[in-house]
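Next up, data_32.pdb (PDB, C-alpha atoms and all ligand atoms):
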```pdb
ATOM      1  CA  MET A 660     100.628 108.667  93.786
ATOM      2  CA  TYR A 661     102.390 106.366  91.271
ATOM      3  CA  SER A 662     100.744 108.402  88.522
ATOM      4  CA  ASP A 663     103.026 111.359  89.430
ATOM      5  CA  ILE A 664     106.058 109.256  88.447
ATOM      6  CA  GLN A 665     107.495 109.642  84.957
ATOM      7  CA  ASP A 666     110.223 106.964  85.147
ATOM      8  CA  ILE A 667     111.351 104.330  87.627
ATOM      9  CA  LEU A 668     115.160 104.410  87.770
ATOM     10  CA  TYR A 669     115.713 101.508  90.165
ATOM     11  CA  SER A 670     113.105  98.997  91.284
ATOM     12  CA  GLU A 671     112.569  97.722  94.801
ATOM     13  CA  GLU A 672     114.363  94.505  93.854
ATOM     14  CA  GLN A 673     117.367  96.285  92.340
ATOM     15  CA  ILE A 674     117.672  98.436  95.466
ATOM     16  CA  GLN A 675     117.542  95.395  97.764
ATOM     17  CA  ASP A 676     120.143  93.524  95.678
ATOM     18  CA  LYS A 677     122.498  96.482  95.921
ATOM     19  CA  ILE A 678     121.959  96.808  99.677
ATOM     20  CA  LYS A 679     122.871  93.150 100.115
ATOM     21  CA  GLU A 680     126.177  93.790  98.287
ATOM     22  CA  LEU A 681     126.889  96.909 100.356
ATOM     23  CA  GLY A 682     126.147  94.990 103.565
ATOM     24  CA  GLU A 683     128.588  92.249 102.604
ATOM     25  CA  CYS A 684     131.395  94.750 101.939
ATOM     26  CA  ILE A 685     130.745  96.622 105.189
ATOM     27  CA  SER A 686     130.537  93.372 107.192
ATOM     28  CA  ALA A 687     133.949  92.309 105.891
ATOM     29  CA  ASP A 688     135.555  95.713 106.542
ATOM     30  CA  TYR A 689     134.163  96.123 110.078
ATOM     31  CA  GLU A 690     134.747  92.656 111.471
ATOM     32  CA  GLY A 691     135.593  92.964 115.189
ATOM     33  CA  LYS A 692     134.931  96.732 115.253
ATOM     34  CA  ASN A 693     131.436  97.416 116.738
ATOM     35  CA  PRO A 694     130.719 100.502 114.571
ATOM     36  CA  LEU A 695     128.218 103.255 115.385
ATOM     37  CA  VAL A 696     125.944 103.519 112.357
ATOM     38  CA  ILE A 697     124.429 106.982 111.941
ATOM     39  CA  CYS A 698     121.325 107.543 109.847
ATOM     40  CA  VAL A 699     120.944 111.004 108.343
ATOM     41  CA  LEU A 700     117.231 111.785 108.663
ATOM     42  CA  LYS A 701     114.831 111.876 107.090
ATOM     43  CA  GLY A 702     115.882 110.698 103.631
ATOM     44  CA  ALA A 703     118.027 107.747 104.743
ATOM     45  CA  PHE A 704     115.504 106.136 107.109
ATOM     46  CA  MET A 705     114.437 103.374 104.737
ATOM     47  CA  PHE A 706     117.947 102.641 103.504
ATOM     48  CA  MET A 707     119.194 102.516 107.102
ATOM     49  CA  ALA A 708     116.554  99.960 108.108
ATOM     50  CA  ASP A 709     117.318  97.688 105.162
ATOM     51  CA  LEU A 710     121.099  98.129 105.333
ATOM     52  CA  VAL A 711     121.666  97.274 109.012
ATOM     53  CA  LYS A 712     119.841  93.968 108.477
ATOM     54  CA  ARG A 713     122.583  93.100 105.988
ATOM     55  CA  ILE A 714     125.530  94.066 108.207
ATOM     56  CA  ALA A 715     126.673  90.966 110.043
ATOM     57  CA  VAL A 716     128.782  92.505 112.816
ATOM     58  CA  PRO A 717     127.666  93.829 116.231
ATOM     59  CA  LEU A 718     126.804  97.516 115.836
ATOM     60  CA  GLU A 719     124.917 100.386 117.422
ATOM     61  CA  ILE A 720     122.634 102.848 115.674
ATOM     62  CA  ASP A 721     121.844 106.516 116.145
ATOM     63  CA  PHE A 722     120.081 109.248 114.202
ATOM     64  CA  MET A 723     120.903 112.761 113.172
ATOM     65  CA  ALA A 724     118.761 115.284 111.343
ATOM     66  CA  VAL A 725     120.279 118.103 109.340
ATOM     67  CA  SER A 726     118.729 120.567 106.988
ATOM     68  CA  SER A 727     120.265 121.997 103.855
ATOM     69  CA  TYR A 728     117.376 121.884 101.454
ATOM     70  CA  GLY A 729     114.018 123.124 102.732
ATOM     71  CA  ASN A 730     111.438 122.174 100.160
ATOM     72  CA  ALA A 731     113.458 123.270  97.144
ATOM     73  CA  THR A 732     115.240 120.937  94.784
ATOM     74  CA  LYS A 733     118.639 122.622  95.131
ATOM     75  CA  SER A 734     121.040 122.869  98.073
ATOM     76  CA  SER A 735     121.028 126.155  99.959
ATOM     77  CA  GLY A 736     124.617 125.566 101.079
ATOM     78  CA  VAL A 737     123.572 126.131 104.676
ATOM     79  CA  VAL A 738     123.670 123.084 106.924
ATOM     80  CA  LYS A 739     121.976 123.112 110.311
ATOM     81  CA  ILE A 740     121.786 120.327 112.930
ATOM     82  CA  ILE A 741     118.082 119.821 113.717
ATOM     83  CA  LYS A 742     118.549 116.706 115.840
ATOM     84  CA  ASP A 743     121.911 115.691 117.273
ATOM     85  CA  LEU A 744     123.182 112.240 118.273
ATOM     86  CA  ASP A 745     122.244 110.701 121.629
ATOM     87  CA  VAL A 746     125.646 109.099 122.188
ATOM     88  CA  PRO A 747     129.231 110.400 122.140
ATOM     89  CA  VAL A 748     131.300 109.500 119.079
ATOM     90  CA  GLU A 749     134.725 109.858 120.689
ATOM     91  CA  GLY A 750     136.831 106.777 120.002
ATOM     92  CA  ARG A 751     134.129 105.151 117.843
ATOM     93  CA  HIS A 752     134.215 103.846 114.302
ATOM     94  CA  ILE A 753     131.436 105.778 112.574
ATOM     95  CA  ILE A 754     129.513 104.781 109.460
ATOM     96  CA  ILE A 755     127.333 107.602 108.110
ATOM     97  CA  VAL A 756     124.326 106.324 106.170
ATOM     98  CA  GLU A 757     123.105 108.793 103.535
ATOM     99  CA  ASP A 758     120.368 108.481 100.964
ATOM    100  CA  ILE A 759     122.036 110.503  98.233
ATOM    101  CA  ILE A 760     125.074 112.719  97.735
ATOM    102  CA  ASP A 761     124.447 115.698  95.528
ATOM    103  CA  SER A 762     126.560 118.826  96.138
ATOM    104  CA  GLY A 763     128.329 117.002  98.994
ATOM    105  CA  LEU A 764     127.837 119.983 101.328
ATOM    106  CA  THR A 765     125.758 118.146 103.927
ATOM    107  CA  LEU A 766     128.192 115.278 104.253
ATOM    108  CA  SER A 767     131.368 117.298 104.297
ATOM    109  CA  TYR A 768     129.845 119.317 107.136
ATOM    110  CA  LEU A 769     128.837 116.165 109.036
ATOM    111  CA  ILE A 770     132.214 114.481 108.589
ATOM    112  CA  ASP A 771     133.866 117.608 109.899
ATOM    113  CA  VAL A 772     131.613 117.698 112.989
ATOM    114  CA  LEU A 773     132.272 114.019 113.788
ATOM    115  CA  GLU A 774     136.022 114.341 113.313
ATOM    116  CA  ARG A 775     136.128 117.363 115.612
ATOM    117  CA  ARG A 776     134.344 115.209 118.206
ATOM    118  CA  ASN A 777     137.266 112.756 117.927
ATOM    119  CA  ALA A 778     135.656 109.829 116.165
ATOM    120  CA  LEU A 779     138.253 107.097 115.582
ATOM    121  CA  SER A 780     137.208 106.741 111.939
ATOM    122  CA  VAL A 781     134.391 108.090 109.753
ATOM    123  CA  SER A 782     133.177 106.372 106.615
ATOM    124  CA  VAL A 783     130.209 107.095 104.381
ATOM    125  CA  VAL A 784     127.766 104.785 102.669
ATOM    126  CA  ALA A 785     125.443 106.432 100.152
ATOM    127  CA  LEU A 786     122.760 104.517  98.309
ATOM    128  CA  PHE A 787     122.780 107.035  95.471
ATOM    129  CA  ASN A 788     125.507 109.310  94.181
ATOM    130  CA  LYS A 789     125.266 112.229  91.749
ATOM    131  CA  PRO A 790     128.976 112.988  91.174
ATOM    132  CA  ALA A 791     128.239 115.464  88.370
ATOM    133  CA  ARG A 792     126.756 117.913  90.892
ATOM    134  CA  ARG A 793     129.544 117.990  93.450
ATOM    135  CA  THR A 794     130.679 121.429  94.695
ATOM    136  CA  VAL A 795     133.052 120.049  97.368
ATOM    137  CA  GLU A 796     135.481 117.172  96.990
ATOM    138  CA  LEU A 797     133.897 114.128  98.595
ATOM    139  CA  GLU A 798     133.605 110.490  97.591
ATOM    140  CA  PRO A 799     131.608 107.967  99.631
ATOM    141  CA  ASP A 800     133.471 104.864 100.836
ATOM    142  CA  TYR A 801     130.527 102.710  99.715
ATOM    143  CA  THR A 802     128.212 103.677  96.864
ATOM    144  CA  GLY A 803     125.031 101.992  95.669
ATOM    145  CA  TYR A 804     124.023 103.450  92.325
ATOM    146  CA  VAL A 805     125.354 106.446  90.402
ATOM    147  CA  LEU A 806     122.521 108.676  89.190
ATOM    148  CA  PRO A 807     122.318 111.221  86.385
ATOM    149  CA  ASP A 808     121.870 114.904  87.213
ATOM    150  CA  GLU A 809     118.142 114.650  87.935
ATOM    151  CA  PHE A 810     115.970 115.166  90.987
ATOM    152  CA  VAL A 811     114.706 111.801  92.216
ATOM    153  CA  VAL A 812     112.063 110.722  94.740
ATOM    154  CA  GLY A 813     111.065 107.527  96.526
ATOM    155  CA  TYR A 814     112.697 105.024  98.876
ATOM    156  CA  GLY A 815     112.929 107.672 101.614
ATOM    157  CA  LEU A 816     113.559 110.649  99.332
ATOM    158  CA  ASP A 817     110.954 113.397  99.173
ATOM    159  CA  TYR A 818     109.675 116.264  97.151
ATOM    160  CA  ALA A 819     108.011 118.719  99.557
ATOM    161  CA  GLU A 820     107.839 115.852 102.124
ATOM    162  CA  LYS A 821     105.892 113.571  99.770
ATOM    163  CA  TYR A 822     106.832 110.323  97.970
ATOM    164  CA  ARG A 823     109.111 108.991 100.735
ATOM    165  CA  ASN A 824     106.994 105.837 100.945
ATOM    166  CA  LEU A 825     107.491 104.748  97.330
ATOM    167  CA  PRO A 826     109.358 101.404  97.340
ATOM    168  CA  PHE A 827     111.397 102.363  94.238
ATOM    169  CA  ILE A 828     113.371 105.420  93.119
ATOM    170  CA  GLY A 829     111.996 107.502  90.263
ATOM    171  CA  ILE A 830     111.650 110.830  88.524
ATOM    172  CA  LEU A 831     108.548 112.993  88.882
ATOM    173  CA  LYS A 832     106.567 114.268  85.919
ATOM    174  CA  PRO A 833     107.466 117.933  85.256
ATOM    175  CA  GLU A 834     103.872 119.051  85.861
ATOM    176  CA  VAL A 835     104.132 117.947  89.512
ATOM    177  CA  TYR A 836     106.609 120.779  90.133
ATOM    178  CA  SER A 837     104.649 123.434  88.305
ATOM    179  CA  SER A 838     101.251 122.688  89.842
TER     180      SER A 838
HETATM  181  P1  LIG B 901     123.888 117.633  99.253
HETATM  182  O1  LIG B 901     124.261 118.348 100.514
HETATM  183  O2  LIG B 901     124.896 116.560  98.883
HETATM  184  O3  LIG B 901     123.674 118.599  98.134
HETATM  185  O4  LIG B 901     122.509 116.911  99.450
HETATM  186  C1  LIG B 901     121.903 116.916 100.675
HETATM  187  C2  LIG B 901     120.589 116.191 100.737
HETATM  188  O5  LIG B 901     119.708 116.724  99.769
HETATM  189  C3  LIG B 901     120.614 114.703 100.444
HETATM  190  O6  LIG B 901     121.049 113.943 101.530
HETATM  191  C4  LIG B 901     119.154 114.487 100.135
HETATM  192  O7  LIG B 901     118.417 114.308 101.321
HETATM  193  C5  LIG B 901     118.780 115.759  99.394
HETATM  194  N1  LIG B 901     118.849 115.515  97.945
HETATM  195  C6  LIG B 901     119.912 115.618  97.115
HETATM  196  N2  LIG B 901     119.597 115.260  95.861
HETATM  197  C7  LIG B 901     118.293 114.888  95.903
HETATM  198  C8  LIG B 901     117.374 114.371  94.932
HETATM  199  O8  LIG B 901     117.659 114.153  93.742
HETATM  200  N3  LIG B 901     116.107 114.114  95.380
HETATM  201  C9  LIG B 901     115.720 114.311  96.673
HETATM  202  N4  LIG B 901     114.464 114.014  96.972
HETATM  203  N5  LIG B 901     116.555 114.786  97.612
HETATM  204  C10 LIG B 901     117.821 115.056  97.228
HETATM  205 MG    MG B 902     119.989 112.993 103.074
HETATM  206 MG    MG B 903     114.330 116.442 101.125
END
```

Write out the structure in this file as structure tokens.
Amino acid sequence: MYSDIQDILYSEEQIQDKIKELGECISADYEGKNPLVICVLKGAFMFMADLVKRIAVPLEIDFMAVSSYGNATKSSGVVKIIKDLDVPVEGRHIIIVEDIIDSGLTLSYLIDVLERRNALSVSVVALFNKPARRTVELEPDYTGYVLPDEFVVGYGLDYAEKYRNLPFIGILKPEVYSS
């Protein structure tokens, strides 16, 4: 599986160092607030697990699954809720945990949904950000690493449902797409 990878962009250690920093910022900002931390499945599952360990305030977690991509490498622009939250968000401080922001379509849709459900506040933490590809105006409140305009896999992120288990983030060899 590692032989399909052309370049490693960020190692396991670099990712964990960044998550520690993000956790410290979030802990300071949410002191005394008991936030509801929402993981956007499936891509953010690994980030979510590592991040909440670094947030030192009482919190609750929930999961949401949305689809905007299918198996392609570009956004379809259509966002659908596949799995909704188990708990109400009304009156809660929400932290959305995303793997990567690309066009921004998925997140702007999610923020809108949560605000219409009367969340008290909604913030976004994204491990990776590709600002060059944005089609809607949206900046995460907390960002890990800024990436170039390339399709990446690993650390939760897939290509056709594969590579999510890689401990690092990398770029696939071009022949993987064409085969
Ligand atoms: P957006 O709506 O911002 O275009 O992106 C939505 C979702 O597409 C992201 O949360 C992520 O799951 C997926 N995505 C965006 N860019 C990449 C990428 O470079 N690699 C992978 N594997 N998924 C991506
Ligand atoms: Mg995602
Ligand atoms: Mg995907």

Show which residues sit within 9 Å of Glu671 in chain A, as a count of residues only. Count all atoms listed in the file, and ignore same-chain residues fewer than 6 positions away. 4

Determine the nearest neighbour of Ser686 in chain A from the options A:Val784, A:Leu797, A:Val812, A:Ile714, counting all atoms listed in the file.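 Between A:Val784, A:Leu797, A:Val812, A:Ile714, the residue approaching Ser686 in chain A most closely is A:Ile714.
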
Within 9 Å of Ile678 in chain A using all atoms listed in the file, minus same-chain residues under 5 positions, as a list in words: Gln673, Glu683, Phe706, Asp709, Leu710, Arg713, Leu786 and Gly803 of chain A

Residues within 6 Å of Ile664 in chain A, only C-alpha atoms, excluding chain neighbours under 6 positions, as a list in words: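 The filter keeps Ile830, Leu831 and Lys832 of chain A.
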
File dump, residues just selected, C-alpha atoms, as a short mmCIF file (atom, residue, chain, number, x, y, z; two decimals), in the coordinates of the input:
```cif
data_model
loop_
_atom_site.label_atom_id
_atom_site.label_comp_id
_atom_site.auth_asym_id
_atom_site.auth_seq_id
_atom_site.Cartn_x
_atom_site.Cartn_y
_atom_site.Cartn_z
CA ILE A 830 111.65 110.83 88.52
CA LEU A 831 108.55 112.99 88.88
CA LYS A 832 106.57 114.27 85.92
#
```

Could you tell me, as a list in words, exactly which residues end up selected when the PyMOL selection byres (((not hetatm)) within 8 of (chain B and resi 902)) is applied to this structure?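 This file, filtered by the PyMOL selection byres (((not hetatm)) within 8 of (chain B and resi 902)), leaves Val699, Leu700, Lys701, Gly702, Ala703, Glu757, Asp758, Ile759, Ile760, Thr765 and Leu816 of chain A.
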
Once you add 3 Å to each side, what are the centre and edge lengths of the axis-aligned box holding all listed atoms of ligand LIG 901 (chain B)? One decimal in Å, as AutoDock Vina command-line options, if you can.
```
--center_x 119.7 --center_y 116.3 --center_z 97.6 --size_x 16.4 --size_y 10.7 --size_z 13.8
```

Between A:Phe787, A:Tyr818, A:Tyr804, A:Tyr836, which one has atoms that come closest to ligand LIG 901 (chain B), using all atoms listed in the file?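 Comparing A:Phe787, A:Tyr818, A:Tyr804, A:Tyr836 against ligand LIG 901 (chain B), the winner is A:Tyr818.
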
On this structure, which residues satisfy the PyMOL selection byres (((chain A and resi 807) around 8) and not hetatm), written as a PyMOL selection string? chain A and resi 789+791+805-806+808-809

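As for atom O8 of ligand LIG 901 (chain B) and CA of Gln665 in chain A, they are spaced 14.2 Å apart.
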
Report, in Å with one decimal, the straight-line distance from CA of Asp817 in chain A to CA of Ser782 in chain A.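 Pair CA of Asp817 in chain A / CA of Ser782 in chain A returns 24.5 Å.
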
Counting all atoms listed in the file, the residue of A:Cys684, A:Val781, A:Ile755, A:Leu718 that sits nearest Phe704 in chain A: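 Of A:Cys684, A:Val781, A:Ile755, A:Leu718, the one nearest Phe704 in chain A, counting all atoms listed in the file, is A:Ile755.
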
Can you spell out as JSON, numbers by chain the set of residues that the PyMOL selection byres (((chain A and resi 773) around 12) and not hetatm) selects in the structure I just provided? {"A": [695, 697, 723, 743, 744, 746, 747, 748, 749, 750, 751, 752, 753, 754, 755, 766, 767, 768, 769, 770, 771, 772, 774, 775, 776, 777, 778, 779, 780, 781, 782, 783]}

In Å, how far is it from atom P1 of ligand LIG 901 (chain B) to CA of Leu668 in chain A?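 A separation of 19.6 Å between them.
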
Select, from A:Gly682, A:Gly813, A:Pro694, A:Pro790, the residue with the minimum atom-to-atom distance to ligand MG 903 (chain B), counting all atoms listed in the file. A:Gly813

Using all atoms listed in the file, collect all residues at a distance of at most 9 Å from (132.3, 120.9, 95.3) as written in the file, then present them as a ChimeraX atom specification. /A:762-764,792-797

Complete range 748-761 of chain A with N, CA and C atoms (output as a tab-separated table (two decimals), in the coordinates of the input).
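The result, stored in selection-v1.tsv:
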```tsv
chain	number	residue	atom	x	y	z
A	748	VAL	N	130.65	110.23	120.17
A	748	VAL	CA	131.30	109.50	119.08
A	748	VAL	C	132.80	109.32	119.33
A	749	GLU	N	133.29	109.93	120.40
A	749	GLU	CA	134.72	109.86	120.69
A	749	GLU	C	135.21	108.41	120.77
A	750	GLY	N	136.25	108.11	119.98
A	750	GLY	CA	136.83	106.78	120.00
A	750	GLY	C	136.03	105.72	119.24
A	751	ARG	N	134.97	106.12	118.56
A	751	ARG	CA	134.13	105.15	117.84
A	751	ARG	C	134.43	105.12	116.35
A	752	HIS	N	134.22	103.95	115.76
A	752	HIS	CA	134.22	103.85	114.30
A	752	HIS	C	132.82	104.21	113.81
A	753	ILE	N	132.73	105.26	113.01
A	753	ILE	CA	131.44	105.78	112.57
A	753	ILE	C	131.17	105.42	111.11
A	754	ILE	N	129.96	104.96	110.85
A	754	ILE	CA	129.51	104.78	109.46
A	754	ILE	C	128.31	105.70	109.26
A	755	ILE	N	128.45	106.70	108.40
A	755	ILE	CA	127.33	107.60	108.11
A	755	ILE	C	126.52	107.01	106.97
A	756	VAL	N	125.21	106.87	107.20
A	756	VAL	CA	124.33	106.32	106.17
A	756	VAL	C	123.54	107.47	105.54
A	757	GLU	N	123.78	107.71	104.27
A	757	GLU	CA	123.10	108.79	103.54
A	757	GLU	C	122.28	108.22	102.39
A	758	ASP	N	121.18	108.89	102.10
A	758	ASP	CA	120.37	108.48	100.96
A	758	ASP	C	121.07	108.80	99.64
A	759	ILE	N	121.52	110.06	99.52
A	759	ILE	CA	122.04	110.50	98.23
A	759	ILE	C	123.06	111.62	98.46
A	760	ILE	N	124.11	111.61	97.67
A	760	ILE	CA	125.07	112.72	97.74
A	760	ILE	C	124.95	113.52	96.46
A	761	ASP	N	124.70	114.80	96.64
A	761	ASP	CA	124.45	115.70	95.53
A	761	ASP	C	125.60	116.70	95.48
```
